[in-house]
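Source file: target31.cif. Holds: mmCIF, C-alpha atoms and all ligand atoms.
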```
data_model
#
loop_
_atom_site.label_atom_id
_atom_site.label_comp_id
_atom_site.auth_asym_id
_atom_site.auth_seq_id
_atom_site.Cartn_x
_atom_site.Cartn_y
_atom_site.Cartn_z
CA MET A 1 97.22 95.36 122.64
CA THR A 2 93.91 95.47 124.45
CA LEU A 3 90.83 97.20 123.24
CA SER A 4 91.03 99.84 125.93
CA THR A 5 94.41 101.49 125.43
CA PRO A 6 95.39 103.90 122.67
CA ALA A 7 98.34 101.63 121.85
CA SER A 8 95.85 98.93 121.01
CA THR A 9 94.87 100.56 117.73
CA SER A 10 97.82 98.76 116.34
CA LEU A 11 99.31 99.03 112.93
CA ALA A 12 98.85 96.42 110.28
CA PRO A 13 101.84 94.10 110.15
CA GLY A 14 104.11 94.90 107.25
CA ARG A 15 102.75 98.45 107.18
CA HIS A 16 103.58 100.56 104.16
CA ALA A 17 104.20 104.22 103.62
CA ASP A 18 100.66 104.65 102.33
CA ASP A 19 99.35 103.68 105.75
CA SER A 20 100.81 106.87 107.19
CA ASP A 21 97.48 107.94 108.69
CA ALA A 22 97.86 105.05 111.13
CA VAL A 23 101.31 106.07 112.38
CA GLU A 24 101.46 106.65 116.09
CA PRO A 25 103.72 109.37 117.47
CA ALA A 26 107.22 108.09 118.07
CA ALA A 27 107.75 107.58 121.75
CA ALA A 28 110.80 107.50 123.91
CA ASP A 29 112.17 104.09 124.78
CA ALA A 30 109.87 102.07 126.95
CA SER A 31 111.10 101.84 130.51
CA LEU A 32 112.66 98.55 131.54
CA GLY A 33 109.74 97.88 133.89
CA GLN A 34 107.24 98.43 131.11
CA LYS A 35 109.11 96.06 128.83
CA LEU A 36 109.30 93.38 131.50
CA ARG A 37 105.61 93.82 132.24
CA SER A 38 104.86 93.27 128.55
CA TRP A 39 106.16 89.71 128.95
CA PHE A 40 103.01 89.01 130.95
CA ASP A 41 100.54 91.70 129.92
CA THR A 42 100.65 92.62 126.25
CA SER A 43 98.66 95.80 126.90
CA ALA A 44 101.82 97.18 128.57
CA SER A 45 103.45 97.58 125.15
CA SER A 46 104.69 101.08 124.57
CA ALA A 47 103.82 103.29 121.62
CA LEU A 48 105.57 102.22 118.48
CA ASP A 49 108.94 103.82 117.87
CA ASP A 50 109.21 103.67 114.09
CA ALA A 51 113.01 103.58 114.08
CA ARG A 52 113.01 100.26 115.96
CA ALA A 53 109.63 98.86 115.01
CA ASP A 54 111.01 96.30 112.59
CA ARG A 55 114.11 95.22 114.51
CA VAL A 56 114.24 92.29 116.91
CA ASP A 57 113.54 93.45 120.47
CA TRP A 58 115.89 91.13 122.33
CA LEU A 59 114.70 91.96 125.82
CA ARG A 60 111.12 91.20 124.90
CA ALA A 61 112.31 88.09 123.04
CA ALA A 62 114.33 86.79 126.00
CA PRO A 63 111.71 84.25 127.17
CA PHE A 64 111.60 82.78 123.65
CA VAL A 65 115.38 82.39 123.60
CA ALA A 66 115.37 81.03 127.18
CA MET A 67 112.80 78.40 126.20
CA HIS A 68 115.27 77.05 123.64
CA LEU A 69 118.19 77.10 126.08
CA ALA A 70 116.08 75.27 128.67
CA CYS A 71 115.95 72.26 126.32
CA ILE A 72 119.63 71.67 127.08
CA GLY A 73 118.38 70.70 130.54
CA VAL A 74 117.71 67.19 129.16
CA LEU A 75 121.42 66.56 129.81
CA TRP A 76 120.78 66.90 133.54
CA VAL A 77 117.24 65.66 134.06
CA GLY A 78 117.54 62.50 131.95
CA VAL A 79 114.67 60.84 130.16
CA SER A 80 111.96 58.28 130.84
CA PRO A 81 109.19 56.67 128.77
CA VAL A 82 106.50 58.57 130.68
CA ALA A 83 108.18 61.93 130.00
CA LEU A 84 108.38 61.11 126.27
CA ILE A 85 104.72 60.02 126.20
CA VAL A 86 103.64 63.28 127.86
CA ALA A 87 105.82 65.37 125.51
CA THR A 88 104.49 63.59 122.41
CA THR A 89 100.87 63.76 123.55
CA LEU A 90 101.19 67.49 124.25
CA TYR A 91 102.74 67.98 120.81
CA ALA A 92 99.83 66.17 119.14
CA VAL A 93 97.01 67.80 121.09
CA ARG A 94 98.49 71.26 120.72
CA MET A 95 99.30 70.83 117.02
CA PHE A 96 95.66 69.87 116.48
CA ALA A 97 94.52 72.97 118.41
CA LEU A 98 96.78 75.16 116.27
CA THR A 99 95.85 73.71 112.90
CA GLY A 100 92.21 72.85 113.56
CA PHE A 101 91.34 75.92 115.58
CA TYR A 102 93.91 78.77 115.47
CA HIS A 103 94.18 78.21 111.72
CA ARG A 104 91.12 76.57 110.19
CA TYR A 105 88.59 77.95 112.68
CA PHE A 106 89.77 81.30 114.07
CA SER A 107 91.73 82.49 111.01
CA HIS A 108 89.55 81.10 108.21
CA ARG A 109 86.17 80.31 109.82
CA THR A 110 85.82 77.08 107.85
CA PHE A 111 83.34 75.57 110.35
CA GLN A 112 81.21 76.48 113.33
CA THR A 113 81.28 75.40 116.94
CA SER A 114 79.88 76.33 120.34
CA ARG A 115 81.36 79.10 122.46
CA THR A 116 82.54 76.50 124.98
CA VAL A 117 84.44 74.39 122.43
CA GLN A 118 85.79 77.60 120.91
CA PHE A 119 87.15 78.63 124.32
CA VAL A 120 88.57 75.21 125.18
CA PHE A 121 90.59 75.10 121.94
CA ALA A 122 91.60 78.75 122.28
CA LEU A 123 92.95 77.77 125.70
CA ILE A 124 94.88 74.77 124.34
CA GLY A 125 96.12 76.98 121.48
CA ALA A 126 97.28 79.57 124.01
CA SER A 127 99.36 76.89 125.76
CA CYS A 128 101.48 76.54 122.58
CA VAL A 129 103.39 79.79 123.31
CA GLN A 130 102.35 81.14 119.92
CA ARG A 131 100.48 84.00 121.56
CA GLY A 132 96.72 84.48 121.70
CA PRO A 133 94.11 83.53 119.09
CA LEU A 134 93.48 87.13 118.01
CA TRP A 135 97.17 87.82 117.41
CA TRP A 136 97.63 84.56 115.50
CA ALA A 137 94.55 84.97 113.32
CA ALA A 138 95.18 88.67 112.59
CA HIS A 139 98.69 87.94 111.35
CA HIS A 140 97.58 84.91 109.40
CA ARG A 141 94.77 86.76 107.63
CA ASN A 142 97.31 89.38 106.66
CA HIS A 143 99.54 86.62 105.26
CA HIS A 144 96.81 85.37 102.93
CA ARG A 145 95.90 88.85 101.84
CA HIS A 146 99.45 89.85 100.91
CA ALA A 147 101.21 86.47 100.54
CA ASP A 148 104.78 86.83 99.29
CA THR A 149 104.56 90.57 98.72
CA ALA A 150 106.39 93.23 100.76
CA ARG A 151 103.37 93.38 103.07
CA ASP A 152 103.69 89.72 104.02
CA VAL A 153 105.78 89.92 107.18
CA HIS A 154 106.96 86.31 106.98
CA SER A 155 107.53 85.80 103.28
CA PRO A 156 110.77 83.90 102.60
CA ARG A 157 110.76 85.38 99.07
CA VAL A 158 110.81 88.93 100.41
CA HIS A 159 112.54 88.63 103.79
CA GLY A 160 114.66 85.49 103.54
CA PHE A 161 114.41 82.09 105.18
CA VAL A 162 115.61 82.88 108.72
CA TRP A 163 113.39 85.94 109.10
CA SER A 164 110.33 84.07 107.82
CA HIS A 165 111.04 81.24 110.27
CA VAL A 166 112.08 82.93 113.53
CA GLY A 167 112.61 86.67 113.05
CA TRP A 168 109.41 88.46 112.13
CA PHE A 169 107.38 87.91 115.32
CA LEU A 170 110.15 89.25 117.59
CA THR A 171 109.77 92.85 116.42
CA PRO A 172 107.75 95.56 118.21
CA ARG A 173 105.51 96.06 115.17
CA ASN A 174 104.55 92.41 115.02
CA PHE A 175 104.06 91.99 118.77
CA ARG A 176 100.87 93.89 118.21
CA THR A 177 97.49 92.56 117.25
CA ASP A 178 95.74 94.39 114.45
CA LEU A 179 92.22 94.14 115.81
CA SER A 180 90.74 95.57 112.63
CA ARG A 181 91.52 92.21 111.00
CA VAL A 182 89.68 90.15 113.62
CA PRO A 183 86.49 92.02 114.64
CA ASP A 184 84.58 88.73 114.57
CA LEU A 185 86.90 87.31 117.26
CA ALA A 186 87.53 90.47 119.29
CA LYS A 187 83.87 90.57 120.33
CA PHE A 188 84.50 87.67 122.72
CA PRO A 189 85.94 89.02 126.01
CA GLU A 190 87.36 85.61 126.97
CA LEU A 191 89.44 85.55 123.76
CA ARG A 192 90.66 89.10 124.38
CA ILE A 193 91.82 88.09 127.85
CA LEU A 194 93.76 85.12 126.46
CA ASP A 195 95.35 87.48 123.96
CA ARG A 196 96.23 90.11 126.56
CA PHE A 197 97.75 87.73 129.13
CA ASP A 198 99.27 85.40 126.60
CA THR A 199 101.94 83.92 128.87
CA LEU A 200 99.51 82.95 131.62
CA VAL A 201 98.36 79.65 130.12
CA PRO A 202 101.87 78.47 129.16
CA VAL A 203 103.16 79.28 132.69
CA LEU A 204 100.28 77.32 134.24
CA LEU A 205 100.99 74.36 131.95
CA ALA A 206 104.68 74.43 132.89
CA LEU A 207 103.83 74.53 136.61
CA ALA A 208 101.32 71.70 136.22
CA LEU A 209 103.92 69.55 134.44
CA PHE A 210 106.49 70.20 137.16
CA GLY A 211 103.88 69.26 139.79
CA LEU A 212 102.95 66.10 137.88
CA GLY A 213 106.60 65.04 137.69
CA GLU A 214 107.12 65.64 141.42
CA LEU A 215 103.96 63.69 142.23
CA LEU A 216 104.98 60.73 140.06
CA GLN A 217 108.45 60.72 141.58
CA HIS A 218 106.89 60.17 144.99
CA LEU A 219 103.94 57.97 144.08
CA ALA A 220 105.54 55.86 141.33
CA PRO A 221 109.34 56.14 141.60
CA GLN A 222 109.72 53.15 139.24
CA LEU A 223 108.69 55.44 136.35
CA GLY A 224 112.00 57.23 136.72
CA THR A 225 110.67 60.75 136.28
CA SER A 226 110.88 63.98 138.26
CA GLY A 227 109.50 67.52 138.26
CA GLY A 228 112.47 68.87 136.35
CA GLN A 229 112.34 66.07 133.79
CA MET A 230 108.62 66.45 133.14
CA LEU A 231 108.99 70.22 132.86
CA THR A 232 111.92 69.94 130.45
CA TRP A 233 110.45 67.30 128.12
CA GLY A 234 106.74 68.02 128.51
CA PHE A 235 106.99 71.78 128.27
CA PHE A 236 110.30 73.04 126.86
CA VAL A 237 111.20 70.33 124.33
CA SER A 238 107.60 69.68 123.25
CA THR A 239 106.87 73.41 122.84
CA VAL A 240 110.08 74.20 120.96
CA VAL A 241 109.57 71.30 118.53
CA LEU A 242 105.91 72.32 118.13
CA PHE A 243 106.97 75.87 117.38
CA HIS A 244 109.54 74.95 114.73
CA ALA A 245 107.17 72.46 113.10
CA THR A 246 104.45 75.13 112.89
CA VAL A 247 106.62 77.83 111.36
CA THR A 248 107.97 75.53 108.66
CA ILE A 249 104.69 76.40 106.96
CA ASN A 250 105.79 80.04 106.79
CA SER A 251 109.32 79.24 105.71
CA LEU A 252 109.72 75.81 104.04
CA ALA A 253 106.18 75.45 102.64
CA HIS A 254 106.75 78.58 100.59
CA ARG A 255 110.00 77.14 99.22
CA PHE A 256 110.01 73.35 98.85
CA GLY A 257 107.36 71.14 97.26
CA LYS A 258 104.99 70.93 94.32
CA ARG A 259 102.66 73.58 92.99
CA ARG A 260 99.38 72.02 91.91
CA PHE A 261 97.61 75.36 91.58
CA GLU A 262 98.78 78.54 89.93
CA THR A 263 98.65 80.98 92.85
CA ARG A 264 100.21 84.45 93.06
CA ASP A 265 102.34 83.34 96.02
CA ASP A 266 105.09 80.70 96.30
CA SER A 267 103.09 78.17 98.35
CA ARG A 268 103.91 74.47 97.88
CA ASN A 269 102.44 71.07 98.68
CA ASN A 270 104.87 69.04 100.77
CA LEU A 271 104.08 65.60 102.21
CA TRP A 272 106.75 65.73 104.94
CA LEU A 273 105.54 69.06 106.23
CA ALA A 274 101.94 67.78 106.04
CA LEU A 275 102.90 64.84 108.27
CA ILE A 276 104.60 66.89 111.02
CA THR A 277 101.95 69.63 110.96
CA PHE A 278 98.91 67.35 110.72
CA GLY A 279 97.91 68.47 107.23
CA GLU A 280 99.18 72.03 106.92
CA GLY A 281 101.89 70.99 104.46
CA TRP A 282 99.30 70.94 101.64
CA HIS A 283 99.94 74.63 101.59
CA ASN A 284 99.51 75.31 97.88
CA ASN A 285 96.07 73.67 98.09
CA HIS A 286 95.32 75.89 101.05
CA HIS A 287 96.46 79.12 99.41
CA PHE A 288 94.39 78.36 96.33
CA PHE A 289 91.26 77.68 98.38
CA PRO A 290 91.58 78.69 102.08
CA GLY A 291 87.83 78.35 102.62
CA SER A 292 87.87 74.56 103.07
CA SER A 293 88.23 72.79 106.42
CA ARG A 294 90.27 70.25 104.51
CA GLN A 295 93.79 70.89 103.18
CA GLY A 296 94.68 67.49 101.73
CA PHE A 297 92.46 67.65 98.63
CA ARG A 298 93.10 64.09 97.39
CA TRP A 299 92.30 60.96 99.37
CA TRP A 300 95.99 60.12 99.65
CA GLU A 301 96.98 63.56 100.93
CA ILE A 302 97.23 62.77 104.62
CA ASP A 303 95.53 65.49 106.67
CA LEU A 304 95.28 64.41 110.31
CA THR A 305 93.53 67.63 111.31
CA TRP A 306 90.76 66.95 108.79
CA TYR A 307 90.26 63.45 110.23
CA GLY A 308 90.17 64.94 113.74
CA LEU A 309 87.62 67.54 112.70
CA ARG A 310 85.49 64.84 111.03
CA LEU A 311 85.53 62.93 114.32
CA MET A 312 84.57 66.06 116.27
CA SER A 313 81.77 66.65 113.78
CA ALA A 314 80.48 63.08 114.25
CA LEU A 315 80.49 63.71 118.02
CA GLY A 316 78.51 66.92 117.53
CA LEU A 317 81.30 69.18 118.82
CA VAL A 318 81.72 71.11 115.55
CA ARG A 319 79.41 71.56 112.56
CA GLY A 320 79.33 72.84 109.00
CA LEU A 321 82.76 71.56 107.94
CA LYS A 322 83.42 73.03 104.51
CA PRO A 323 84.45 70.50 101.83
CA VAL A 324 86.58 71.18 98.75
CA PRO A 325 84.27 72.36 95.93
CA ALA A 326 84.31 70.46 92.62
CA TRP A 327 85.40 73.55 90.67
CA VAL A 328 88.56 73.73 92.79
CA LEU A 329 89.51 70.14 91.99
CA ALA A 330 88.80 70.79 88.31
CA ARG A 331 91.48 73.51 88.32
CA ALA A 332 94.14 71.17 89.70
CA ARG A 333 97.09 70.36 87.47
CA ARG A 334 97.30 66.75 88.65
ZN ZN A 401 101.37 80.63 103.29
ZN ZN A 402 95.69 79.92 106.14
#
```
As structure tokens, the full file:
Amino acid sequence: MTLSTPASTSLAPGRHADDSDAVEPAAADASLGQKLRSWFDTSASSALDDARADRVDWLRAAPFVAMHLACIGVLWVGVSPVALIVATTLYAVRMFALTGFYHRYFSHRTFQTSRTVQFVFALIGASCVQRGPLWWAAHHRNHHRHADTARDVHSPRVHGFVWSHVGWFLTPRNFRTDLSRVPDLAKFPELRILDRFDTLVPVLLALALFGLGELLQHLAPQLGTSGGQMLTWGFFVSTVVLFHATVTINSLAHRFGKRRFETRDDSRNNLWLALITFGEGWHNNHHFFPGSSRQGFRWWEIDLTWYGLRLMSALGLVRGLKPVPAWVLARARR
């Protein structure tokens, strides 16, 4: 998945028969060692074996499954107010990084920022265990281009609810980053490194949380926390909830809600999803006009990410936020 290996010239997600010039030679099964290495270094991915390219690779997916199972640990580690505060704060900060930066900045370029701010939010985004910024943006651009057609790898209309929610990204084909979709991002070596070693940042966050919990247990035992508790709530529970909230936009926001704009896809506007995803639930708005930094088009359409970006703009951290053009509002049904 790096720029330097032949395997990196990856196939477009949801590839069709007419893309046959891009087919790589089928390879023998990757060795176990190679597969395990790909947990940490995505460039270790083997050549694509077409027979298995679109099936869930359970060995590669094991850390994702383990992350869910680890949440059961709350039964043993207990809970404390400080652990809940840390878990909630990490949810909020990371949701903002995903929606404001992975989505509205890296995928859609709806504003500009400095290279430093770009890197800081790429780093926070990488801690969400939703892979690197190039992978995320490449898949998302593909989604907009082919939304709810056979080429949309997470369309609930085409592939069903479960696949659109948790299946599609666990296949060998979709582990890959189609760099041809993100040339504007791939030119930054620091972003390519985050994409290649996409488990590094999450592992460091998990270790830091364990260390924080251990430290608090010794320095402030009255808080009632521990390394295991902080790790379980701050990392596992927070990350799993963050993940499922994010992917509701792929699954539920293409099924449930109102359609203000006549788009070719099934996108919907849904207040509840907008609340948990900080504005992404105004998904029909977004599919009609993805070029705006704002997704709640009316004043009452709560869009926390937009408010956060406005604040960052006032502080001079981002610039050129793109508003919703008048012609877009004029096309609205209500
Ligand atoms: Zn969509
Ligand atoms: Zn989008």
query: Which residues sit within 7 Å of ligand ZN 402 (chain A), counting all atoms listed in the file, listed as a count of residues only?
result: 9
field: Nearby residues (all atoms listed in the file) at most 12 Å from Phe297 in chain A, same-chain spacing under 3 positions excluded, as number ranges by chain
entry: A: 260-261, 269, 279-286, 288-290, 292-294, 300-303, 306, 323-326, 328-332, 334
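A distance cut-off of 9 Å from ligand ZN 401 (chain A), applied to all atoms listed in the file, picks out the residues His140, His143, His144, Ala147, Asp148, His154, Ser155, Ile249, Asn250, Ser251, Ala253, His254, Asp265, Asp266, Ser267, Arg268, His283, Asn284, His286 and His287 of chain A.
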message: Could you list, as a list in words, every residue within 10 Å of Glu190 in chain A, counting only C-alpha atoms and ignoring same-chain residues fewer than 3 positions away?
response: Arg115, Phe119, Ala122, Leu123, Leu185, Ala186, Lys187, Ile193, Leu194, Asp195 and Arg196 of chain A
- request: Step by step: start from the point (111.3, 60.7, 140.1) in the file's coordinates, keep every protein, DNA or RNA residue that has an atom no farther than 12 Å from it, count all atoms listed in the file, and write the set as a count of residues only.
  value: 27
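The closest residue to Asp50 in chain A, picked from A:Tyr105, A:Gly234, A:Arg141, A:Thr171 and counting all atoms listed in the file, is A:Thr171.
Nearest residue to Arg37 in chain A, choosing from A:Arg60, A:Val201, A:Gln295, A:Pro183 and counting all atoms listed in the file: A:Arg60.
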- prompt: Near Thr199 in chain A, counting all atoms listed in the file, which residues have an atom at most 9 Å away, once you skip same-chain residues fewer than 2 positions from it, shown as a list in words?
  reply: Trp39, Phe40, Asp41, Ala126, Ser127, Val129, Arg131, Gly132, Leu194, Asp195, Arg196, Phe197, Val201, Pro202, Val203 and Leu204 of chain A
Residues just named, written with C-alpha atoms as a PDB file, in the coordinates of the input:
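selection.pdb, written as the output of this step:
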```pdb
ATOM      1  CA  TRP A  39     106.160  89.710 128.950  1.00  0.00           C
ATOM      2  CA  PHE A  40     103.010  89.010 130.950  1.00  0.00           C
ATOM      3  CA  ASP A  41     100.540  91.700 129.920  1.00  0.00           C
ATOM      4  CA  ALA A 126      97.280  79.570 124.010  1.00  0.00           C
ATOM      5  CA  SER A 127      99.360  76.890 125.760  1.00  0.00           C
ATOM      6  CA  VAL A 129     103.390  79.790 123.310  1.00  0.00           C
ATOM      7  CA  ARG A 131     100.480  84.000 121.560  1.00  0.00           C
ATOM      8  CA  GLY A 132      96.720  84.480 121.700  1.00  0.00           C
ATOM      9  CA  LEU A 194      93.760  85.120 126.460  1.00  0.00           C
ATOM     10  CA  ASP A 195      95.350  87.480 123.960  1.00  0.00           C
ATOM     11  CA  ARG A 196      96.230  90.110 126.560  1.00  0.00           C
ATOM     12  CA  PHE A 197      97.750  87.730 129.130  1.00  0.00           C
ATOM     13  CA  VAL A 201      98.360  79.650 130.120  1.00  0.00           C
ATOM     14  CA  PRO A 202     101.870  78.470 129.160  1.00  0.00           C
ATOM     15  CA  VAL A 203     103.160  79.280 132.690  1.00  0.00           C
ATOM     16  CA  LEU A 204     100.280  77.320 134.240  1.00  0.00           C
TER      17      LEU A 204
END
```
- line: Between A:His68, A:Lys35, A:His146, A:Arg176, smallest distance to His244 in chain A by all atoms listed in the file belongs to A:His68
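Picture a line from CA of Lys258 in chain A to CA of Gly160 in chain A; it runs 19.8 Å.
One finds CA of Ile124 in chain A at 24.2 Å from CA of Gly167 in chain A.
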task: Tell me, as a VMD selection string, which residues lie within 10 Å of range 63-67 of chain A, counting all atoms listed in the file; anything in the same chain fewer than 5 positions away does not count.
output: chain A and resid 39 58 72 129 170 199 232 235 to 237 239 to 240
Just C-alpha atoms for this one: save the residues we selected as a compact mmCIF listing (two decimals), keeping the file's coordinate frame.
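As written to disk, selection_20.txt reads:
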```txt
# COMPACT_ATOMS: atom_id res chain seq x y z
CA TRP A 39 106.16 89.71 128.95
CA TRP A 58 115.89 91.13 122.33
CA ILE A 72 119.63 71.67 127.08
CA VAL A 129 103.39 79.79 123.31
CA LEU A 170 110.15 89.25 117.59
CA THR A 199 101.94 83.92 128.87
CA THR A 232 111.92 69.94 130.45
CA PHE A 235 106.99 71.78 128.27
CA PHE A 236 110.30 73.04 126.86
CA VAL A 237 111.20 70.33 124.33
CA THR A 239 106.87 73.41 122.84
CA VAL A 240 110.08 74.20 120.96
```
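If you look at CA of Pro133 in chain A and CA of Leu32 in chain A, they are 26.9 Å away from each other.
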message: Using all atoms listed in the file for the distances, tell me which of A:Val241, A:Leu191, A:Val56, A:Val120 is nearest to Ala87 in chain A.
response: A:Val241
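Closest approach to Gln130 in chain A among A:Val158, A:Val86, A:Leu98, A:Ala62 is made by A:Leu98 (distances from all atoms listed in the file).
Nearest-residue note for Leu317 in chain A: choosing from A:Ala208, A:Leu69, A:Val117, A:Leu48, the minimum distance belongs to A:Val117, counting only C-alpha atoms.
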